[in-house]
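Engineer: Pasting coords28.cif below, which is mmCIF, C-alpha atoms.
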data_input
#
loop_
_atom_site.label_atom_id
_atom_site.label_comp_id
_atom_site.auth_asym_id
_atom_site.auth_seq_id
_atom_site.Cartn_x
_atom_site.Cartn_y
_atom_site.Cartn_z
CA MET L 1 41.45 9.09 -4.24
CA ASN L 2 39.73 12.02 -5.91
CA ILE L 3 39.00 9.91 -8.94
CA SER L 4 37.31 7.22 -6.85
CA ALA L 5 35.17 9.88 -5.19
CA ILE L 6 34.03 11.28 -8.52
CA VAL L 7 33.38 7.84 -9.99
CA ALA L 8 31.54 6.58 -6.90
CA LEU L 9 29.27 9.60 -6.75
CA ALA L 10 28.59 9.45 -10.49
CA VAL L 11 27.75 5.74 -10.29
CA ILE L 12 25.45 6.20 -7.29
CA GLY L 13 23.73 9.10 -8.97
CA ALA L 14 23.32 7.20 -12.22
CA ALA L 15 21.97 4.12 -10.43
CA LEU L 16 19.40 6.17 -8.52
CA GLY L 17 18.49 7.98 -11.72
CA ILE L 18 17.89 4.70 -13.53
CA VAL L 19 15.70 3.42 -10.68
CA LEU L 20 13.66 6.62 -10.80
CA GLY L 21 13.42 6.42 -14.57
CA ILE L 22 12.04 2.89 -14.40
CA ALA L 23 9.63 3.90 -11.62
CA ASN L 24 8.48 6.82 -13.73
CA LYS L 25 7.55 4.46 -16.55
CA TYR L 26 5.28 2.43 -14.32
CA LEU L 27 3.89 5.30 -12.28
CA VAL L 28 3.26 7.76 -15.10
CA VAL L 29 -0.10 9.50 -14.80
CA GLU L 30 -2.04 9.06 -18.01
CA GLU L 31 -3.49 12.30 -19.16
CA ASP L 32 -5.91 12.49 -22.05
CA ASN L 33 -3.70 14.03 -24.74
CA ARG L 34 -6.75 15.02 -26.77
CA ILE L 35 -7.20 17.90 -24.34
CA THR L 36 -3.79 19.32 -25.25
CA GLU L 37 -4.48 18.76 -28.96
CA VAL L 38 -7.86 20.50 -28.89
CA ASN L 39 -6.41 23.27 -26.78
CA ALA L 40 -3.77 23.86 -29.45
CA MET L 41 -6.46 24.06 -32.16
CA LEU L 42 -8.57 26.62 -30.27
CA PRO L 43 -7.85 30.30 -30.95
CA GLY L 44 -6.17 30.73 -27.57
CA ALA L 45 -7.87 34.04 -26.83
CA ASN L 46 -8.77 32.88 -23.29
CA CYS L 47 -11.72 35.27 -23.46
CA GLY L 48 -14.07 33.13 -21.37
CA GLY L 49 -16.89 33.64 -23.91
CA CYS L 50 -17.67 29.91 -23.83
CA GLY L 51 -18.42 29.99 -20.11
CA PHE L 52 -15.47 27.78 -19.17
CA PRO L 53 -12.27 28.90 -17.45
CA GLY L 54 -10.09 29.70 -20.46
CA CYS L 55 -9.38 27.74 -23.61
CA SER L 56 -7.91 24.78 -21.73
CA GLY L 57 -11.12 24.59 -19.67
CA PHE L 58 -13.20 24.55 -22.87
CA ALA L 59 -10.94 21.91 -24.42
CA ALA L 60 -11.37 19.71 -21.32
CA ALA L 61 -15.14 20.26 -21.41
CA LEU L 62 -15.29 19.23 -25.08
CA VAL L 63 -13.26 16.08 -24.56
CA GLU L 64 -15.13 15.10 -21.40
CA GLY L 65 -18.50 15.62 -23.08
CA GLU L 66 -19.55 18.56 -20.96
CA ALA L 67 -19.74 20.87 -23.97
CA LYS L 68 -21.36 19.48 -27.14
CA LYS L 69 -21.01 22.35 -29.57
CA VAL L 70 -17.66 23.74 -30.72
CA SER L 71 -19.46 26.99 -31.64
CA GLY L 72 -19.55 27.64 -27.88
CA CYS L 73 -16.18 29.18 -28.68
CA VAL L 74 -17.37 32.44 -30.22
CA VAL L 75 -13.92 33.54 -31.35
CA SER L 76 -13.21 30.50 -33.52
CA ASN L 77 -13.91 30.63 -37.25
CA GLN L 78 -15.69 27.98 -39.35
CA GLU L 79 -12.43 26.35 -40.41
CA THR L 80 -11.22 25.86 -36.82
CA ARG L 81 -14.57 24.48 -35.72
CA GLU L 82 -14.65 21.90 -38.52
CA LYS L 83 -11.09 20.89 -37.73
CA ILE L 84 -11.92 20.28 -34.06
CA VAL L 85 -15.13 18.40 -34.89
CA THR L 86 -13.39 16.02 -37.30
CA TYR L 87 -10.49 15.56 -34.87
CA LEU L 88 -12.74 14.67 -31.93
CA ASN L 89 -15.08 12.49 -33.96
CA GLU L 90 -12.21 10.49 -35.38
CA THR L 91 -9.68 10.25 -32.54
CA PRO L 92 -10.45 7.70 -29.83
CA GLY L 93 -9.42 8.45 -26.25
CA PRO L 94 -7.55 6.13 -23.84
CA ASP L 95 -10.79 4.14 -23.30
CA GLY L 96 -11.21 3.61 -27.06
CA ASN L 97 -14.31 5.77 -27.47
CA THR L 98 -14.61 8.92 -29.52
CA VAL L 99 -16.48 12.03 -28.41
CA LYS L 100 -19.45 13.16 -30.48
CA VAL L 101 -19.47 16.92 -30.93
CA THR L 102 -21.12 19.12 -33.50
CA ILE L 103 -20.37 22.52 -34.97
CA MET G 1 15.67 -7.66 23.67
CA GLU G 2 18.28 -5.10 22.76
CA LEU G 3 16.33 -4.26 19.64
CA VAL G 4 13.17 -3.73 21.70
CA SER G 5 14.88 -1.31 24.04
CA LEU G 6 16.47 0.42 21.06
CA PHE G 7 13.02 0.78 19.52
CA ILE G 8 11.35 2.10 22.70
CA GLY G 9 14.30 4.37 23.39
CA LEU G 10 14.20 6.00 19.98
CA THR G 11 10.42 6.16 19.73
CA PHE G 12 9.62 7.72 23.09
CA VAL G 13 12.61 8.55 25.25
CA ASN G 14 14.83 10.08 22.58
CA ASN G 15 11.96 11.06 20.33
CA VAL G 16 13.38 12.85 17.29
CA VAL G 17 10.90 15.68 17.35
CA LEU G 18 10.46 16.41 21.02
CA SER G 19 13.90 15.71 22.44
CA LYS G 20 16.24 16.27 19.48
CA PHE G 21 14.04 18.86 17.76
CA TYR G 22 14.49 17.44 14.29
CA ALA G 23 11.66 17.73 11.77
CA VAL G 24 9.95 20.70 13.35
CA CYS G 25 9.11 22.12 9.89
CA PRO G 26 6.59 19.41 8.93
CA LEU G 27 5.45 19.26 12.56
CA LEU G 28 4.20 22.84 12.30
CA GLY G 29 3.37 22.78 8.59
CA VAL G 30 1.24 19.65 8.16
CA SER G 31 -0.44 19.45 11.55
CA LYS G 32 -3.60 21.44 10.81
CA LYS G 33 -5.64 18.28 10.16
CA PRO G 34 -4.99 14.94 11.89
CA LYS G 35 -5.62 13.05 8.62
CA ASN G 36 -2.96 14.99 6.75
CA ALA G 37 -0.62 14.56 9.68
CA LEU G 38 -1.04 10.78 9.52
CA ASN G 39 -0.41 10.76 5.76
CA MET G 40 2.72 12.80 6.33
CA GLY G 41 3.77 10.30 8.99
CA TYR G 42 3.33 7.38 6.60
CA ALA G 43 5.30 9.10 3.84
CA VAL G 44 8.11 9.98 6.24
CA THR G 45 8.10 6.44 7.66
CA PHE G 46 8.58 4.97 4.20
CA VAL G 47 11.37 7.39 3.34
CA ILE G 48 13.22 7.01 6.67
CA VAL G 49 13.10 3.19 6.79
CA ILE G 50 14.27 2.73 3.20
CA ALA G 51 16.82 5.53 3.58
CA SER G 52 18.30 3.93 6.72
CA ILE G 53 18.78 0.63 4.90
CA VAL G 54 20.17 2.09 1.67
CA THR G 55 22.48 4.61 3.34
CA HIS G 56 23.80 1.93 5.69
CA ILE G 57 24.65 -0.35 2.77
CA LEU G 58 26.16 2.48 0.72
CA TYR G 59 28.24 3.73 3.63
CA HIS G 60 29.71 0.39 4.66
CA PHE G 61 30.08 -1.23 1.25
CA VAL G 62 30.94 1.73 -0.98
CA LEU G 63 32.16 4.73 0.99
CA VAL G 64 34.29 2.91 3.59
CA PRO G 65 36.17 0.59 1.18
CA LEU G 66 36.89 3.50 -1.17
CA GLU G 67 37.94 5.70 1.78
CA ILE G 68 35.63 8.48 0.75
CA THR G 69 33.50 8.68 3.90
CA TYR G 70 33.69 12.47 3.73
CA LEU G 71 31.13 12.18 0.92
CA ASP G 72 28.51 10.77 3.30
CA LEU G 73 26.35 13.92 3.38
CA ILE G 74 26.02 14.32 -0.37
CA THR G 75 25.49 10.58 -0.95
CA PHE G 76 22.78 10.39 1.70
CA ILE G 77 21.02 13.44 0.31
CA LEU G 78 21.09 11.85 -3.16
CA VAL G 79 19.44 8.72 -1.78
CA ILE G 80 16.86 10.67 0.21
CA ALA G 81 15.98 12.97 -2.69
CA SER G 82 15.45 9.99 -4.99
CA LEU G 83 13.25 8.26 -2.42
CA VAL G 84 11.13 11.37 -1.96
CA GLN G 85 10.82 11.71 -5.73
CA PHE G 86 9.63 8.12 -5.84
CA VAL G 87 7.05 8.70 -3.09
CA GLU G 88 5.84 11.77 -4.96
CA MET G 89 5.34 9.83 -8.20
CA PHE G 90 3.69 6.99 -6.32
CA LEU G 91 1.21 9.26 -4.53
CA LYS G 92 0.48 11.24 -7.70
CA LYS G 93 -0.46 7.99 -9.39
CA THR G 94 -2.33 6.21 -6.60
CA SER G 95 -4.05 8.98 -4.67
CA PRO G 96 -4.04 12.47 -6.18
CA GLU G 97 -6.08 13.66 -3.21
CA ILE G 98 -3.33 12.98 -0.67
CA TYR G 99 -0.86 14.39 -3.17
CA LYS G 100 -2.80 17.66 -3.27
CA SER G 101 -3.43 17.84 0.47
CA MET G 102 0.27 17.53 1.28
CA GLY G 103 1.25 20.26 -1.16
CA VAL G 104 4.79 21.54 -0.91
CA TYR G 105 5.52 19.55 2.25
CA LEU G 106 5.79 16.35 0.26
CA PRO G 107 8.93 17.34 -1.72
CA LEU G 108 10.13 19.07 1.45
CA ILE G 109 10.62 15.65 3.09
CA THR G 110 13.96 15.80 1.26
CA THR G 111 15.09 18.55 3.59
CA ASN G 112 13.42 16.97 6.62
CA CYS G 113 16.37 16.82 8.99
CA ALA G 114 14.95 13.73 10.74
CA VAL G 115 15.66 11.67 7.61
CA LEU G 116 19.26 12.79 7.24
CA GLY G 117 19.66 12.84 11.03
CA VAL G 118 18.72 9.17 11.34
CA ALA G 119 21.09 8.18 8.53
CA LEU G 120 23.99 10.05 10.14
CA ASP G 121 23.13 8.90 13.69
CA ASN G 122 23.08 5.29 12.49
CA ILE G 123 26.61 5.71 11.18
CA SER G 124 27.99 7.45 14.25
CA ALA G 125 26.33 4.94 16.62
CA ASN G 126 27.93 2.11 14.62
CA TYR G 127 24.70 0.16 14.19
CA ASN G 128 24.60 -2.97 12.07
CA LEU G 129 22.05 -3.30 9.28
CA ILE G 130 19.26 -4.72 11.46
CA GLU G 131 19.81 -2.16 14.20
CA ALA G 132 19.86 0.62 11.60
CA THR G 133 16.55 -0.57 10.15
CA VAL G 134 14.96 -0.81 13.60
CA ALA G 135 16.31 2.64 14.46
CA GLY G 136 14.81 4.08 11.26
CA LEU G 137 11.46 2.47 12.01
CA ALA G 138 11.52 3.62 15.64
CA VAL G 139 12.34 7.21 14.75
CA SER G 140 9.62 7.40 12.12
CA VAL G 141 7.01 5.78 14.38
CA GLY G 142 7.95 8.34 17.03
CA PHE G 143 7.60 11.12 14.49
CA THR G 144 4.19 9.84 13.31
CA ILE G 145 2.86 9.54 16.87
CA VAL G 146 4.00 13.03 17.80
CA ILE G 147 2.73 14.75 14.64
CA TYR G 148 -0.63 13.00 14.98
CA LEU G 149 -1.03 13.93 18.65
CA PHE G 150 0.07 17.45 17.88
CA ALA G 151 -2.48 17.72 15.06
CA THR G 152 -5.32 16.55 17.30
CA ILE G 153 -4.30 19.09 19.96
CA ARG G 154 -4.16 21.82 17.33
CA GLU G 155 -7.61 20.85 16.08
CA ARG G 156 -8.92 21.29 19.62
CA LEU G 157 -7.05 24.60 19.94
CA GLU G 158 -8.96 25.95 16.91
CA ILE G 159 -12.10 26.21 19.02
CA ALA G 160 -10.32 27.10 22.27
CA ASN G 161 -10.40 30.61 23.63
CA VAL G 162 -6.81 31.59 22.85
CA PRO G 163 -5.65 35.18 23.52
CA GLU G 164 -5.53 37.15 20.26
CA SER G 165 -1.75 37.52 20.13
CA PHE G 166 -1.19 33.80 20.69
CA LYS G 167 -3.51 32.55 17.93
CA GLY G 168 -2.01 30.25 15.29
CA THR G 169 1.69 29.47 15.33
CA PRO G 170 2.64 30.98 18.74
CA ILE G 171 0.25 28.71 20.65
CA ALA G 172 1.37 25.79 18.47
CA LEU G 173 4.99 26.41 19.47
CA ILE G 174 4.02 26.63 23.14
CA THR G 175 2.07 23.37 22.76
CA ALA G 176 5.11 21.67 21.23
CA GLY G 177 7.20 22.93 24.14
CA ILE G 178 4.76 21.54 26.71
CA MET G 179 4.68 18.22 24.84
CA ALA G 180 8.48 18.12 25.02
CA CYS G 181 8.29 18.79 28.79
CA ALA G 182 5.79 15.95 29.19
CA LEU G 183 8.05 13.60 27.25
CA ALA G 184 11.05 14.54 29.39
CA GLY G 185 9.16 12.87 32.26
CA ILE G 186 10.05 9.41 30.93
CA ALA G 187 13.68 10.32 30.16
CA GLY G 188 15.11 7.64 32.46
CA LEU G 189 13.00 4.78 31.11
CA VAL G 190 15.59 3.11 28.88
#
Using structure tokens, write down the structure from this file.
Structural biologist:
Amino acid sequence: MNISAIVALAVIGAALGIVLGIANKYLVVEEDNRITEVNAMLPGANCGGCGFPGCSGFAAALVEGEAKKVSGCVVSNQETREKIVTYLNETPGPDGNTVKVTI
Amino acid sequence: MELVSLFIGLTFVNNVVLSKFYAVCPLLGVSKKPKNALNMGYAVTFVIVIASIVTHILYHFVLVPLEITYLDLITFILVIASLVQFVEMFLKKTSPEIYKSMGVYLPLITTNCAVLGVALDNISANYNLIEATVAGLAVSVGFTIVIYLFATIRERLEIANVPESFKGTPIALITAGIMACALAGIAGLV
């Protein structure tokens, strides 16, 4: 009797888990992964020197076209800026368009 | 006809919130704005109706044959938690605004005792599948009506001249009590 209890609960749990897993596939919220990528490339000082709330705010502004110049990030060096510019100019977003930014 | 009287009985006469005092947490938590209250009502309606159907099937076709009915609580909670998770994902996808406005009270539907209460009441009252579904619908409609009315009263209370020490939750609790008194007036209806 104990075995049937364990098995029944495990099966019910697994079935519900599978249903949720399938639902998750269809209901997943698409986030622009370029924001995370650019955020990783930024220095991560979170100094606020760019005028946006932290590095993630600046990354979102760059990807969404609100900020046009990567040099708005005063902490970043030339190498980082070039890296971000080439990344954004070459990587298309979910809508298929790339963002034009300059150093 | 029996189903109609079951529906009316559970919606108004034996209203979950005002006569059984289930689900008082969301009643006080999400009743600041009538719009949020209605959204909460819809979410709870979905969860309760589906939960009544699924728990009924699970109880009679899995737990009873296997003689493990003592597992009803944990099985029902599993079902309810999954349903709430589903509603959460659905709202996050379709309307982030509602998702944000409901805040923590959306996942808290899991611990909303009305949901579990209906599932357990359905079992102890020995309802069949149709009766259980109607009961779930009736209870959630009753909940939605009460939380919406309560929210509109609270909105009016915001601008009322309430004594300092009664402002906020105390007057809300008194209001809920008076609403329960008013509802007791139709106790003999069904």
Engineer: Considering all atoms listed in the file, extract the chain G residues located within 8 Å of chain L and return them as a PyMOL selection string.
Structural biologist: chain G and resi 62+66-68+71+75+78-79+82+85-86+89-90+92-93
Engineer: Could you check how far CA of Ile8 in chain G sits from CA of Leu108 in chain G, in Å to one decimal?
Structural biologist: 27.2 Å
Engineer: Would you mind reading off the distance between CA of Pro53 in chain L and CA of Asn33 in chain L, one decimal, in Å?
Structural biologist: 18.6 Å
Engineer: Return the single residue from L:Thr86, L:Gly96, L:Glu66, L:Val75 that is closest to Gly44 in chain L, with distances computed using only C-alpha atoms.
Structural biologist: L:Val75
Engineer: Starting from the PyMOL selection byres ((chain G and resi 136) around 12), expand the selection into actual residues of this file and give them as number ranges by chain.
Structural biologist: G: 3, 6-7, 10-11, 15-16, 44-56, 114-123, 127, 129-135, 137-143
Engineer: Take the residues just selected and output them with C-alpha atoms as a tab-separated table (two decimals), keeping the file's coordinate frame.
Structural biologist:
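Final file, again_15.tsv:
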chain	number	residue	atom	x	y	z
G	3	LEU	CA	16.33	-4.26	19.64
G	6	LEU	CA	16.47	0.42	21.06
G	7	PHE	CA	13.02	0.78	19.52
G	10	LEU	CA	14.20	6.00	19.98
G	11	THR	CA	10.42	6.16	19.73
G	15	ASN	CA	11.96	11.06	20.33
G	16	VAL	CA	13.38	12.85	17.29
G	44	VAL	CA	8.11	9.98	6.24
G	45	THR	CA	8.10	6.44	7.66
G	46	PHE	CA	8.58	4.97	4.20
G	47	VAL	CA	11.37	7.39	3.34
G	48	ILE	CA	13.22	7.01	6.67
G	49	VAL	CA	13.10	3.19	6.79
G	50	ILE	CA	14.27	2.73	3.20
G	51	ALA	CA	16.82	5.53	3.58
G	52	SER	CA	18.30	3.93	6.72
G	53	ILE	CA	18.78	0.63	4.90
G	54	VAL	CA	20.17	2.09	1.67
G	55	THR	CA	22.48	4.61	3.34
G	56	HIS	CA	23.80	1.93	5.69
G	114	ALA	CA	14.95	13.73	10.74
G	115	VAL	CA	15.66	11.67	7.61
G	116	LEU	CA	19.26	12.79	7.24
G	117	GLY	CA	19.66	12.84	11.03
G	118	VAL	CA	18.72	9.17	11.34
G	119	ALA	CA	21.09	8.18	8.53
G	120	LEU	CA	23.99	10.05	10.14
G	121	ASP	CA	23.13	8.90	13.69
G	122	ASN	CA	23.08	5.29	12.49
G	123	ILE	CA	26.61	5.71	11.18
G	127	TYR	CA	24.70	0.16	14.19
G	129	LEU	CA	22.05	-3.30	9.28
G	130	ILE	CA	19.26	-4.72	11.46
G	131	GLU	CA	19.81	-2.16	14.20
G	132	ALA	CA	19.86	0.62	11.60
G	133	THR	CA	16.55	-0.57	10.15
G	134	VAL	CA	14.96	-0.81	13.60
G	135	ALA	CA	16.31	2.64	14.46
G	137	LEU	CA	11.46	2.47	12.01
G	138	ALA	CA	11.52	3.62	15.64
G	139	VAL	CA	12.34	7.21	14.75
G	140	SER	CA	9.62	7.40	12.12
G	141	VAL	CA	7.01	5.78	14.38
G	142	GLY	CA	7.95	8.34	17.03
G	143	PHE	CA	7.60	11.12	14.49
Engineer: Calculated over only C-alpha atoms, which of the candidates L:Cys73, L:Ala61, L:Cys55, L:Val99 has the smallest distance to Val85 in chain L?
Structural biologist: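 Looking only at the distances to Val85 in chain L, the closest residue turns out to be L:Val99.
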Engineer: Starting from the displayed file, determine the output of the PyMOL selection byres ((chain G and resi 105) around 9) and express the residue list as a list in words.
Structural biologist: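 Checked against the file, the PyMOL selection byres ((chain G and resi 105) around 9) matches Cys25, Pro26, Gly29, Val30, Met40, Met102, Gly103, Val104, Leu106, Pro107, Leu108 and Ile109 of chain G.
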Engineer: How far is it from CA of Phe76 in chain G to CA of Asn112 in chain G, in Å with one decimal?
Structural biologist: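 Computing the Euclidean distance for CA of Phe76 in chain G and CA of Asn112 in chain G yields 12.5 Å.
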Engineer: Might I get the box with edges along x, y and z of the file that holds all atoms of range 75-84 of chain L listed there, padded by 8 Å on every side, given as centre and edge lengths in Å to one decimal, as JSON?
Structural biologist:
{"center_x": -13.4, "center_y": 26.9, "center_z": -35.9, "size_x": 20.6, "size_y": 29.3, "size_z": 25.1}
Engineer: Looking at all atoms listed in the file, which of G:Leu173, G:Cys113, G:Ala151, G:Asn128 is the one that sits closest to Lys20 in chain G?
Structural biologist: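 Of all the options, G:Cys113 lies closest to Lys20 in chain G.
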Engineer: Start from the incomplete input, build N, CA and C atoms for range 64-75 of chain L, and deliver everything as a CSV table (one decimal), keeping the file's coordinate frame.
Structural biologist:
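Here's the written file part_17.csv:
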chain,number,residue,atom,x,y,z
L,64,GLU,N,-14.4,15.9,-22.4
L,64,GLU,CA,-15.1,15.1,-21.4
L,64,GLU,C,-16.6,15.1,-21.6
L,65,GLY,N,-17.1,15.7,-22.7
L,65,GLY,CA,-18.5,15.6,-23.1
L,65,GLY,C,-19.4,16.6,-22.4
L,66,GLU,N,-18.8,17.6,-21.7
L,66,GLU,CA,-19.6,18.6,-21.0
L,66,GLU,C,-20.1,19.6,-21.9
L,67,ALA,N,-19.3,20.0,-22.9
L,67,ALA,CA,-19.7,20.9,-24.0
L,67,ALA,C,-19.9,20.1,-25.3
L,68,LYS,N,-21.1,20.3,-26.0
L,68,LYS,CA,-21.4,19.5,-27.1
L,68,LYS,C,-21.1,20.2,-28.4
L,69,LYS,N,-21.1,21.6,-28.4
L,69,LYS,CA,-21.0,22.4,-29.6
L,69,LYS,C,-19.7,23.1,-29.6
L,70,VAL,N,-18.9,23.0,-30.6
L,70,VAL,CA,-17.7,23.7,-30.7
L,70,VAL,C,-17.9,25.2,-30.9
L,71,SER,N,-19.1,25.6,-31.4
L,71,SER,CA,-19.5,27.0,-31.6
L,71,SER,C,-19.6,27.7,-30.3
L,72,GLY,N,-19.6,27.0,-29.2
L,72,GLY,CA,-19.6,27.6,-27.9
L,72,GLY,C,-18.4,28.6,-27.8
L,73,CYS,N,-17.3,28.3,-28.6
L,73,CYS,CA,-16.2,29.2,-28.7
L,73,CYS,C,-16.5,30.2,-29.7
L,74,VAL,N,-16.9,31.4,-29.3
L,74,VAL,CA,-17.4,32.4,-30.2
L,74,VAL,C,-16.2,33.0,-31.1
L,75,VAL,N,-15.0,32.9,-30.6
L,75,VAL,CA,-13.9,33.5,-31.4
L,75,VAL,C,-13.5,32.7,-32.6
